[in-house]
$ cat structure-v3.txt   # compact mmCIF, C-alpha atoms
# COMPACT_ATOMS: atom_id res chain seq x y z
CA MET I 1 2.84 10.83 14.02
CA ARG I 2 6.13 9.23 13.08
CA HIS I 3 5.75 6.91 16.05
CA ALA I 4 2.27 5.87 14.93
CA LEU I 5 3.51 5.15 11.41
CA LEU I 6 6.30 2.99 12.80
CA ILE I 7 3.76 1.09 14.88
CA LEU I 8 1.63 0.48 11.78
CA LEU I 9 4.71 -0.74 9.91
CA LYS I 10 5.49 -3.12 12.75
CA ARG I 11 1.90 -4.33 12.99
CA ASP I 12 1.55 -5.04 9.29
CA LEU I 13 4.90 -6.81 9.07
CA LEU I 14 3.96 -8.94 12.07
CA LEU I 15 0.59 -9.76 10.50
CA ALA I 16 2.28 -10.65 7.22
CA PHE I 17 4.59 -13.07 8.98
CA ARG I 18 1.70 -14.64 10.89
CA HIS I 19 0.35 -15.70 7.48
CA PRO I 20 3.36 -17.39 5.93
CA ASN I 21 1.17 -18.88 3.16
CA ASP I 22 -0.03 -15.53 1.89
CA LEU I 23 3.54 -14.34 2.09
CA VAL I 24 5.09 -17.16 0.10
CA ASN I 25 2.34 -17.92 -2.45
CA PRO I 26 2.98 -14.99 -4.82
CA LEU I 27 6.71 -15.66 -4.70
CA ILE I 28 6.22 -19.35 -5.50
CA PHE I 29 3.93 -18.30 -8.34
CA PHE I 30 6.62 -15.96 -9.64
CA LEU I 31 9.26 -18.66 -9.36
CA ILE I 32 7.15 -21.34 -11.06
CA VAL I 33 5.96 -19.22 -13.96
CA VAL I 34 9.42 -17.93 -14.73
CA SER I 35 11.26 -21.22 -14.32
CA LEU I 36 8.82 -23.17 -16.51
CA PHE I 37 9.37 -20.95 -19.51
CA PRO I 38 12.97 -21.95 -20.37
CA MET I 39 11.89 -25.60 -20.25
CA GLY I 40 9.26 -24.94 -22.89
CA LEU I 41 11.79 -23.32 -25.16
CA LYS I 42 14.79 -24.80 -26.90
CA PRO I 43 17.72 -24.44 -24.52
CA ASP I 44 20.07 -23.04 -27.15
CA SER I 45 17.47 -20.67 -28.46
CA GLN I 46 18.91 -17.24 -29.08
CA PHE I 47 15.52 -15.84 -28.13
CA LEU I 48 15.93 -17.04 -24.57
CA PRO I 49 17.53 -13.87 -23.15
CA MET I 50 15.08 -11.70 -25.08
CA MET I 51 12.12 -13.72 -23.80
CA GLY I 52 13.59 -13.74 -20.34
CA SER I 53 13.35 -10.03 -19.68
CA ALA I 54 9.70 -9.99 -20.75
CA VAL I 55 8.75 -13.17 -18.90
CA ILE I 56 10.37 -12.11 -15.64
CA TRP I 57 8.77 -8.69 -15.84
CA VAL I 58 5.30 -10.01 -16.65
CA ALA I 59 5.52 -12.62 -13.89
CA ALA I 60 6.68 -9.98 -11.39
CA LEU I 61 3.76 -7.81 -12.40
CA LEU I 62 1.24 -10.61 -11.96
CA ALA I 63 2.74 -11.80 -8.69
CA SER I 64 2.55 -8.28 -7.32
CA MET I 65 -1.04 -7.90 -8.45
CA LEU I 66 -2.18 -11.25 -7.07
CA SER I 67 -0.78 -10.49 -3.65
CA LEU I 68 -2.44 -7.07 -3.56
CA ASP I 69 -5.92 -8.43 -2.99
CA ASN I 70 -5.43 -8.79 0.73
CA LEU I 71 -3.85 -5.36 1.20
CA PHE I 72 -7.00 -3.80 2.68
CA ARG I 73 -9.46 -6.68 2.62
CA SER I 74 -8.69 -8.29 5.97
CA ASP I 75 -8.60 -4.87 7.63
CA MET I 76 -11.97 -4.11 6.05
CA GLU I 77 -13.51 -7.36 7.20
CA ASP I 78 -12.51 -7.12 10.85
CA GLY I 79 -13.22 -3.41 11.20
CA THR I 80 -9.63 -2.27 11.74
CA LEU I 81 -9.83 -0.20 8.56
CA GLU I 82 -12.58 1.90 10.15
CA GLN I 83 -10.35 2.43 13.15
CA ILE I 84 -7.47 3.41 10.88
CA GLY I 85 -9.78 5.85 9.11
CA LEU I 86 -10.55 7.44 12.49
CA LEU I 87 -6.96 7.98 13.52
CA PRO I 88 -5.90 11.59 13.94
CA TRP I 89 -3.30 11.24 11.18
CA PRO I 90 -3.59 11.77 7.43
CA LEU I 91 -4.94 8.61 5.84
CA SER I 92 -2.59 9.05 2.88
CA ALA I 93 0.44 8.67 5.16
CA LEU I 94 -1.03 5.56 6.80
CA VAL I 95 -1.81 3.85 3.50
CA THR I 96 1.68 4.63 2.23
CA ILE I 97 2.98 2.52 5.10
CA LYS I 98 0.64 -0.32 4.16
CA VAL I 99 1.86 -0.17 0.56
CA LEU I 100 5.44 -0.06 1.80
CA VAL I 101 4.84 -3.30 3.72
CA HIS I 102 3.40 -4.89 0.59
CA TRP I 103 6.49 -3.89 -1.35
CA LEU I 104 8.80 -5.14 1.40
CA VAL I 105 7.21 -8.60 1.44
CA THR I 106 6.68 -9.07 -2.32
CA GLY I 107 8.69 -6.47 -4.24
CA ILE I 108 12.00 -6.94 -2.46
CA PRO I 109 11.99 -10.78 -2.66
CA ILE I 110 11.20 -10.51 -6.38
CA VAL I 111 14.17 -8.18 -6.90
CA ILE I 112 16.38 -10.60 -4.97
CA MET I 113 15.19 -13.68 -6.88
CA ALA I 114 15.44 -12.00 -10.27
CA PRO I 115 19.20 -12.51 -10.91
CA LEU I 116 18.91 -16.24 -10.39
CA LEU I 117 15.99 -16.48 -12.78
CA GLY I 118 17.79 -14.20 -15.23
CA MET I 119 20.62 -16.71 -15.37
CA MET I 120 18.14 -19.44 -16.27
CA PHE I 121 17.33 -17.36 -19.33
CA ASN I 122 20.98 -16.86 -20.14
CA ILE I 123 20.70 -13.10 -19.71
CA PRO I 124 24.20 -11.56 -19.73
CA PRO I 125 25.47 -9.83 -16.54
CA GLU I 126 24.76 -6.32 -17.87
CA GLY I 127 21.19 -7.40 -18.51
CA ILE I 128 20.85 -8.86 -15.02
CA ARG I 129 22.11 -5.64 -13.51
CA ALA I 130 19.52 -3.74 -15.52
CA LEU I 131 16.86 -6.26 -14.50
CA MET I 132 17.50 -5.71 -10.81
CA LEU I 133 17.67 -1.94 -11.21
CA THR I 134 14.43 -1.69 -13.18
CA LEU I 135 12.61 -4.10 -10.85
CA LEU I 136 13.83 -2.07 -7.90
CA LEU I 137 12.36 1.08 -9.46
CA GLY I 138 9.31 -0.63 -10.94
CA THR I 139 7.93 -2.88 -8.20
CA PRO I 140 7.09 0.02 -5.84
CA VAL I 141 5.14 1.60 -8.70
CA LEU I 142 3.25 -1.68 -9.17
CA SER I 143 2.38 -1.74 -5.46
CA LEU I 144 1.29 1.90 -5.42
CA ILE I 145 -0.85 1.79 -8.55
CA GLY I 146 -2.31 -1.59 -7.62
CA ALA I 147 -3.27 -0.26 -4.19
CA ILE I 148 -5.48 2.38 -5.83
CA GLY I 149 -7.44 -0.35 -7.62
CA VAL I 150 -7.67 -2.46 -4.49
CA ALA I 151 -8.82 0.49 -2.39
CA LEU I 152 -11.57 1.24 -4.91
CA THR I 153 -12.87 -2.33 -4.95
CA VAL I 154 -12.30 -3.42 -1.36
CA SER I 155 -15.97 -2.99 -0.43
CA LEU I 156 -17.03 -5.32 -3.26
CA ARG I 157 -17.30 -8.96 -2.44
CA ARG I 158 -15.36 -10.11 -5.48
CA GLY I 159 -13.15 -7.40 -6.79
CA GLY I 160 -10.36 -9.61 -8.14
CA VAL I 161 -11.06 -9.40 -11.86
CA LEU I 162 -12.12 -5.79 -11.65
CA VAL I 163 -8.84 -4.85 -10.05
CA SER I 164 -6.87 -6.40 -12.90
CA LEU I 165 -9.00 -4.56 -15.44
CA LEU I 166 -8.48 -1.28 -13.63
CA VAL I 167 -4.84 -1.68 -12.88
CA LEU I 168 -3.22 -3.61 -15.72
CA PRO I 169 -3.44 -0.79 -18.29
CA LEU I 170 -1.65 1.47 -15.83
CA TYR I 171 1.07 -1.15 -15.39
CA ILE I 172 1.89 -1.13 -19.12
CA PRO I 173 4.35 1.82 -19.19
CA VAL I 174 6.35 0.28 -16.34
CA LEU I 175 6.41 -3.04 -18.17
CA ILE I 176 7.54 -1.48 -21.45
CA PHE I 177 10.34 0.53 -19.92
CA GLY I 178 11.37 -2.26 -17.56
CA ALA I 179 11.51 -5.17 -19.96
CA GLY I 180 12.81 -2.97 -22.78
CA SER I 181 15.80 -1.68 -20.88
CA VAL I 182 16.84 -5.18 -19.78
CA TRP I 183 17.00 -6.24 -23.42
CA ASP I 184 18.82 -3.03 -24.40
CA ALA I 185 21.34 -3.52 -21.62
CA SER I 186 21.97 -7.12 -22.73
CA LEU I 187 22.90 -5.74 -26.15
CA GLY I 188 25.27 -3.29 -24.52
CA LEU I 189 23.12 -0.23 -25.20
CA ALA I 190 22.78 2.66 -22.78
CA ILE I 191 19.66 2.44 -20.62
CA ARG I 192 20.03 5.73 -18.80
CA GLY I 193 17.01 7.21 -20.53
CA PRO I 194 14.39 4.55 -19.68
CA VAL I 195 15.79 4.12 -16.17
CA LEU I 196 15.47 7.84 -15.50
CA PHE I 197 11.98 7.69 -16.91
CA MET I 198 11.11 4.85 -14.52
CA GLY I 199 12.52 6.91 -11.68
CA ALA I 200 10.25 9.75 -12.71
CA ILE I 201 7.24 7.40 -12.78
CA LEU I 202 8.17 6.21 -9.29
CA VAL I 203 8.37 9.76 -7.96
CA LEU I 204 5.07 10.61 -9.59
CA ALA I 205 3.37 7.50 -8.18
CA LEU I 206 4.86 8.10 -4.75
CA THR I 207 3.47 11.65 -4.67
CA LEU I 208 0.04 11.11 -6.14
CA ALA I 209 -0.93 7.50 -5.47
CA PRO I 210 -1.23 7.86 -1.63
CA LEU I 211 -3.77 10.65 -2.11
CA ALA I 212 -5.73 8.56 -4.59
CA ILE I 213 -5.58 5.48 -2.34
CA ALA I 214 -6.78 7.46 0.68
CA GLY I 215 -9.61 9.02 -1.33
CA ALA I 216 -10.68 5.65 -2.70
CA LEU I 217 -10.61 4.10 0.78
CA ARG I 218 -12.82 6.87 2.18
CA ILE I 219 -15.36 6.04 -0.51
CA SER I 220 -15.13 2.33 0.24
CA LEU I 221 -15.54 2.97 3.96
CA GLU I 222 -18.87 4.79 3.52
CA MET W 1 -4.45 19.70 21.19
CA SER W 2 -6.30 23.00 21.03
CA THR W 3 -8.56 23.93 23.89
CA PRO W 4 -12.21 23.97 22.88
CA ALA W 5 -13.68 27.42 22.63
CA SER W 6 -17.14 26.42 23.78
CA PRO W 7 -18.26 23.75 26.28
CA THR W 8 -17.85 20.14 25.30
CA SER W 9 -20.86 19.03 23.36
CA LEU W 10 -21.85 17.13 20.27
CA GLU W 11 -24.78 18.49 18.35
CA THR W 12 -26.42 17.90 15.04
CA LEU W 13 -28.27 20.53 13.07
CA ASN W 14 -30.87 19.43 10.56
CA LEU W 15 -28.98 16.28 9.76
CA ARG W 16 -30.15 14.29 6.76
CA CYS W 17 -28.73 11.03 5.48
CA GLU W 18 -29.49 9.02 2.40
CA ARG W 19 -28.46 5.52 1.43
CA GLY W 20 -28.96 4.82 -2.25
CA ASP W 21 -32.19 6.69 -3.04
CA ARG W 22 -33.73 6.11 0.37
CA THR W 23 -33.82 8.84 2.97
CA LEU W 24 -32.89 7.30 6.31
CA PHE W 25 -33.65 10.35 8.41
CA GLU W 26 -33.90 14.08 7.97
CA GLY W 27 -34.20 17.17 10.09
CA LEU W 28 -32.39 15.44 12.92
CA ASN W 29 -31.51 17.79 15.78
CA PHE W 30 -30.04 16.73 19.06
CA GLN W 31 -27.38 17.73 21.51
CA VAL W 32 -25.27 15.67 23.86
CA ALA W 33 -23.47 17.60 26.57
CA ALA W 34 -20.72 16.54 28.95
CA GLY W 35 -21.87 13.79 31.29
CA GLN W 36 -24.80 12.80 29.09
CA LEU W 37 -25.66 9.56 27.39
CA LEU W 38 -27.78 9.38 24.27
CA GLN W 39 -29.33 6.09 23.33
CA ILE W 40 -30.49 5.81 19.75
CA GLU W 41 -33.37 3.45 19.21
CA GLY W 42 -35.08 2.24 16.11
CA ALA W 43 -36.03 -0.78 14.09
CA ASN W 44 -33.51 -2.71 12.03
CA GLY W 45 -32.62 -0.71 8.97
CA SER W 46 -33.76 2.59 10.41
CA GLY W 47 -30.29 4.08 10.03
CA LYS W 48 -28.83 3.77 13.53
CA THR W 49 -25.47 2.52 12.35
CA THR W 50 -25.38 5.07 9.54
CA LEU W 51 -26.10 7.82 12.06
CA LEU W 52 -23.24 6.68 14.28
CA ARG W 53 -20.88 6.44 11.32
CA THR W 54 -21.96 9.90 10.23
CA LEU W 55 -21.23 11.23 13.71
CA CYS W 56 -17.74 9.72 13.46
CA GLY W 57 -17.16 11.31 10.08
CA LEU W 58 -16.92 7.99 8.26
CA PHE W 59 -20.12 8.62 6.33
CA GLU W 60 -20.92 11.87 4.59
CA SER W 61 -24.33 13.31 5.46
CA THR W 62 -26.46 14.63 2.61
CA ALA W 63 -27.35 17.81 4.44
CA GLY W 64 -26.95 19.39 7.85
CA ASN W 65 -24.07 19.86 10.24
CA ILE W 66 -22.43 18.01 13.08
CA ASN W 67 -20.67 20.22 15.59
CA TRP W 68 -18.17 19.20 18.21
CA CYS W 69 -17.61 21.92 20.80
CA GLY W 70 -19.34 24.39 18.52
CA GLN W 71 -17.13 23.63 15.54
CA SER W 72 -17.96 21.45 12.55
CA ILE W 73 -16.31 18.03 12.82
CA HIS W 74 -15.02 18.43 9.27
CA ALA W 75 -13.18 21.64 10.14
CA ASP W 76 -10.46 19.86 12.12
CA PRO W 77 -11.03 16.11 11.84
CA ALA W 78 -7.67 15.23 13.38
CA SER W 79 -8.35 16.87 16.74
CA TYR W 80 -11.94 15.59 16.71
CA HIS W 81 -10.80 12.03 16.07
CA ALA W 82 -8.19 12.32 18.80
CA GLN W 83 -11.04 12.78 21.29
CA LEU W 84 -13.27 10.08 19.85
CA SER W 85 -13.47 6.35 20.44
CA TYR W 86 -15.71 4.44 18.09
CA ILE W 87 -16.60 0.78 18.38
CA GLY W 88 -18.71 -0.45 15.52
CA HIS W 89 -20.43 -3.69 14.61
CA LEU W 90 -17.04 -5.17 13.84
CA PRO W 91 -14.80 -5.22 16.87
CA GLY W 92 -11.82 -3.87 14.94
CA ILE W 93 -9.36 -6.33 16.39
CA LYS W 94 -6.93 -8.59 14.59
CA LEU W 95 -7.66 -12.27 15.12
CA GLU W 96 -4.02 -13.19 14.53
CA LEU W 97 -2.90 -11.08 17.45
CA SER W 98 -3.39 -11.56 21.16
CA PRO W 99 -5.51 -9.09 23.16
CA ARG W 100 -2.36 -7.60 24.57
CA GLU W 101 -0.84 -7.05 21.11
CA ASN W 102 -4.11 -5.72 19.75
CA LEU W 103 -4.37 -3.11 22.46
CA ALA W 104 -0.71 -2.17 22.30
CA PHE W 105 -0.98 -1.57 18.55
CA SER W 106 -4.25 0.33 18.69
CA GLN W 107 -2.87 2.62 21.40
CA GLY W 108 0.38 3.08 19.52
CA LEU W 109 -1.51 3.99 16.37
CA ARG W 110 -3.36 6.67 18.30
CA GLY W 111 0.01 8.05 19.31
CA GLN W 112 -0.36 7.13 22.96
CA SER W 113 2.42 5.31 24.68
CA ILE W 114 1.21 2.87 27.23
CA SER W 115 2.86 0.79 29.91
CA GLN W 116 2.44 -2.98 30.09
CA ASN W 117 0.90 -2.43 33.49
CA ASP W 118 -1.90 -0.20 32.20
CA LEU W 119 -2.52 -2.70 29.46
CA LEU W 120 -2.87 -5.63 31.80
CA ASN W 121 -5.03 -3.58 34.17
CA ALA W 122 -7.40 -2.67 31.36
CA LEU W 123 -7.70 -6.30 30.27
CA ASP W 124 -8.27 -7.30 33.87
CA ALA W 125 -10.93 -4.62 34.31
CA ILE W 126 -12.86 -5.88 31.31
CA GLY W 127 -12.64 -9.46 32.52
CA LEU W 128 -10.00 -10.93 30.26
CA TYR W 129 -7.55 -11.85 32.98
CA GLY W 130 -5.71 -14.97 31.89
CA PHE W 131 -6.40 -14.44 28.18
CA GLU W 132 -3.83 -11.70 27.59
CA ASP W 133 -1.67 -13.78 25.28
CA THR W 134 -4.24 -16.06 23.67
CA PRO W 135 -4.63 -15.25 19.97
CA CYS W 136 -8.02 -13.58 19.50
CA ARG W 137 -8.87 -16.28 16.96
CA HIS W 138 -9.34 -18.65 19.91
CA LEU W 139 -11.55 -16.26 21.87
CA SER W 140 -15.34 -16.29 21.84
CA ALA W 141 -17.40 -13.52 20.26
CA GLY W 142 -18.10 -12.01 23.67
CA GLN W 143 -14.43 -12.06 24.60
CA ARG W 144 -13.49 -10.41 21.32
CA ARG W 145 -16.01 -7.68 22.06
CA ARG W 146 -14.40 -7.26 25.46
CA VAL W 147 -11.03 -6.74 23.81
CA ALA W 148 -12.58 -3.96 21.74
CA LEU W 149 -14.21 -2.47 24.85
CA ALA W 150 -10.88 -2.51 26.68
CA ARG W 151 -9.80 0.11 24.16
CA LEU W 152 -12.29 2.50 25.75
CA ILE W 153 -10.45 2.30 29.05
CA LEU W 154 -7.10 3.02 27.42
CA ASP W 155 -8.14 5.60 24.82
CA LYS W 156 -9.04 8.18 27.45
CA SER W 157 -11.14 10.02 24.90
CA GLN W 158 -14.09 12.23 25.76
CA LEU W 159 -16.61 11.02 23.26
CA TRP W 160 -17.59 7.38 22.96
CA ILE W 161 -19.66 6.28 20.00
CA LEU W 162 -20.73 2.67 20.44
CA ASP W 163 -22.73 0.55 18.05
CA GLU W 164 -24.59 -2.18 19.96
CA PRO W 165 -21.89 -2.48 22.63
CA PHE W 166 -23.91 -4.98 24.65
CA THR W 167 -24.21 -7.63 21.94
CA ALA W 168 -22.50 -10.93 22.69
CA LEU W 169 -21.70 -9.87 26.26
CA ASP W 170 -22.77 -12.10 29.13
CA ARG W 171 -24.40 -10.83 32.30
CA ALA W 172 -21.10 -10.03 33.99
CA GLY W 173 -19.84 -8.32 30.86
CA ASN W 174 -23.01 -6.27 30.75
CA GLN W 175 -22.43 -5.22 34.31
CA ARG W 176 -18.81 -4.22 33.66
CA LEU W 177 -19.74 -2.20 30.60
CA SER W 178 -22.50 -0.42 32.52
CA GLU W 179 -20.03 0.47 35.25
CA LEU W 180 -17.57 1.66 32.62
CA LEU W 181 -20.21 3.88 31.02
CA ALA W 182 -21.32 5.30 34.38
CA ALA W 183 -17.74 6.09 35.37
CA HIS W 184 -17.07 7.75 32.03
CA LEU W 185 -20.18 9.92 32.31
CA LEU W 186 -19.30 10.85 35.85
CA GLN W 187 -15.96 12.19 34.64
CA GLY W 188 -17.76 14.42 32.16
CA GLY W 189 -17.55 12.10 29.18
CA LEU W 190 -20.11 11.85 26.40
CA VAL W 191 -21.65 8.63 25.11
CA VAL W 192 -23.76 8.00 22.06
CA LEU W 193 -24.84 4.41 21.66
CA THR W 194 -27.36 2.18 19.98
CA SER W 195 -28.86 -0.71 21.85
CA HIS W 196 -31.93 -2.84 21.49
CA GLN W 197 -32.10 -3.59 25.16
CA PRO W 198 -32.81 -0.89 27.71
CA VAL W 199 -29.65 0.60 29.17
CA ILE W 200 -29.90 1.04 32.90
CA LEU W 201 -27.21 3.00 34.68
CA GLN W 202 -27.26 4.11 38.27
CA ASP W 203 -27.73 7.85 38.89
CA VAL W 204 -27.55 8.64 35.19
CA ALA W 205 -30.36 10.09 33.15
CA ILE W 206 -30.52 8.57 29.70
CA ASN W 207 -31.69 10.56 26.74
CA ARG W 208 -33.39 8.57 24.06
CA LEU W 209 -33.76 9.29 20.41
CA ALA W 210 -36.00 7.19 18.22
CA LEU W 211 -35.38 6.81 14.53
CA GLU W 212 -38.35 5.84 12.41
$ encode --input "structure-v3.txt" --output "structure tokens"
Amino acid sequence: MRHALLILLKRDLLLAFRHPNDLVNPLIFFLIVVSLFPMGLKPDSQFLPMMGSAVIWVAALLASMLSLDNLFRSDMEDGTLEQIGLLPWPLSALVTIKVLVHWLVTGIPIVIMAPLLGMMFNIPPEGIRALMLTLLLGTPVLSLIGAIGVALTVSLRRGGVLVSLLVLPLYIPVLIFGAGSVWDASLGLAIRGPVLFMGAILVLALTLAPLAIAGALRISLE
Amino acid sequence: MSTPASPTSLETLNLRCERGDRTLFEGLNFQVAAGQLLQIEGANGSGKTTLLRTLCGLFESTAGNINWCGQSIHADPASYHAQLSYIGHLPGIKLELSPRENLAFSQGLRGQSISQNDLLNALDAIGLYGFEDTPCRHLSAGQRRRVALARLILDKSQLWILDEPFTALDRAGNQRLSELLAAHLLQGGLVVLTSHQPVILQDVAINRLALE
């Protein structure tokens, strides 16, 4: 089974790189949204670093959600999802790989771009460290939770808005802990608590979300 | 893979399927044994595709059982699916990938390792010689269907469930598929398919089932 999962990882990465537009669009979106904000604010504003943590987090959340739409859709439309559903391996393991690929192509670049954008908001180094750490813990959760919504709506012709309605409320805790701890860290406060909490959310999502995604996909496949 | 306790066969017992609030069929009983082909006939919308998807385990029947080798297909779906090849309406191939890549991935996903030689032979056998590395986006509908059918050669599974396998194929493609089916049945394979045109295979009796 491990071999099959590796093959799926390879296939999905290859497919992602055959569509450079889909790959780059959410990242450009993230970059544009975040970099426009400081220009709209007074450059010496003391609110800048405080705004920054929230803006970067919200933009990361939206970028992740926008790019989710295609997670299962193309596979659904060309029938490969049926074939994946008929593989002799647990569907939950297979979808975990698909979510992993989504995180690798959107989550990781967001984490890497974050420090640069943090500097545009004049976030102090401690804050930037916290930003990267929380994004690293938070973006996989965004991918996992978002995938549940996408799996539920993949058989609908236009599921875009529905997915946001389903998924955004579940994103809120991650957003609160993530953006909050960046601000706390900038003030020199300890952020151990919220970071551990985000770790716990990640573990929880990693254990339960694949089962939910697989269940939702089975319904969509009917 | 566990050895089947009873002889290879696919049978349904009192199968009943509903879509929305419409009953597609009920009280459906049939058996397909090794070396047999079952052709399912019926008008558009009579539930042929739903029946095939139910046989695969993709669609949940409202009532009744489907047994593979005397055991319900839901008892051990993994080993059932390992012996099943399903080709639906949609060919299940990635347009961004070449036929060769498509087949390599689909075999890898099934956990079968496959040599480049076997791969090229299968593509040759289905009549795609010379198109191995053309992205499937640039292939015609019939050629895409051939890529999907090439999977049958490589899968080496016992049970083939095919939804309208002859659509989009030209005369030569028809011929190749018929030969493929005949060879599979001769080796003790099972085939369940839907087709609007009569399926004619040499030396093979074809069972027909009509859905109303």
$ atom_distance --input "structure-v3.txt" --atom1 "CA of Arg100 in chain W" --atom2 "CA of Ser220 in chain I"
29.2 Å
$ residues_around --input "structure-v3.txt" --residues "Val95 in chain I" --least-positions-apart "3" --cutoff "7 Å" --atoms "all atoms listed in the file" --output "JSON, numbers by chain"
{"I": [91, 92, 98, 99, 210, 214]}
$ closest_atom_pairs --input "structure-v3.txt" --of "chain I" --to "chain W" --cutoff "12 Å" --atoms "only C-alpha atoms" --output "CSV"
residue,atom,partner,partner_atom,distance
I:Met1,CA,W:Gly111,CA,6.6
I:Arg2,CA,W:Gly111,CA,8.8
I:His3,CA,W:Gly111,CA,6.7
I:Ala4,CA,W:Leu109,CA,4.5
I:Leu5,CA,W:Leu109,CA,7.2
I:Leu6,CA,W:Leu109,CA,8.6
I:Ile7,CA,W:Gly108,CA,6.1
I:Leu8,CA,W:Leu109,CA,6.6
I:Leu9,CA,W:Leu109,CA,10.1
I:Lys10,CA,W:Phe105,CA,8.8
I:Arg11,CA,W:Phe105,CA,6.8
I:Asp12,CA,W:Phe105,CA,10.2
I:Leu14,CA,W:Leu97,CA,9.0
I:Leu15,CA,W:Glu96,CA,7.0
I:Ala16,CA,W:Glu96,CA,10.0
I:Phe17,CA,W:Glu96,CA,10.2
I:Arg18,CA,W:Glu96,CA,6.9
I:His19,CA,W:Glu96,CA,8.7
I:Ser74,CA,W:Lys94,CA,8.8
I:Asp75,CA,W:Gly92,CA,8.1
I:Met76,CA,W:Gly92,CA,8.9
I:Glu77,CA,W:Leu90,CA,7.8
I:Asp78,CA,W:Gly92,CA,5.3
I:Gly79,CA,W:Gly92,CA,4.0
I:Thr80,CA,W:Gly92,CA,4.2
I:Leu81,CA,W:Gly92,CA,7.6
I:Glu82,CA,W:Gly92,CA,7.5
I:Gln83,CA,W:Gly92,CA,6.7
I:Ile84,CA,W:Leu109,CA,8.1
I:Gly85,CA,W:Leu58,CA,7.5
I:Leu86,CA,W:His81,CA,5.8
I:Leu87,CA,W:Arg110,CA,6.1
I:Pro88,CA,W:Ala78,CA,4.1
I:Trp89,CA,W:Ala78,CA,6.3
I:Pro90,CA,W:Ala78,CA,8.0
I:Leu91,CA,W:Ala78,CA,10.4
I:Leu94,CA,W:Leu109,CA,9.7
I:Leu217,CA,W:Leu58,CA,10.5
I:Arg218,CA,W:Leu58,CA,7.4
I:Ile219,CA,W:Phe59,CA,8.7
I:Ser220,CA,W:Leu58,CA,10.0
I:Leu221,CA,W:Leu58,CA,6.8
I:Glu222,CA,W:Phe59,CA,4.9
$ atom_distance --input "structure-v3.txt" --atom1 "CA of Gly138 in chain I" --atom2 "CA of Pro20 in chain I"
24.5 Å
$ residues_around --input "structure-v3.txt" --residues "Pro109 in chain I" --least-positions-apart "5" --cutoff "10 Å" --atoms "all atoms listed in the file" --output "ChimeraX atom specification"
/I:24,27,103-104,114
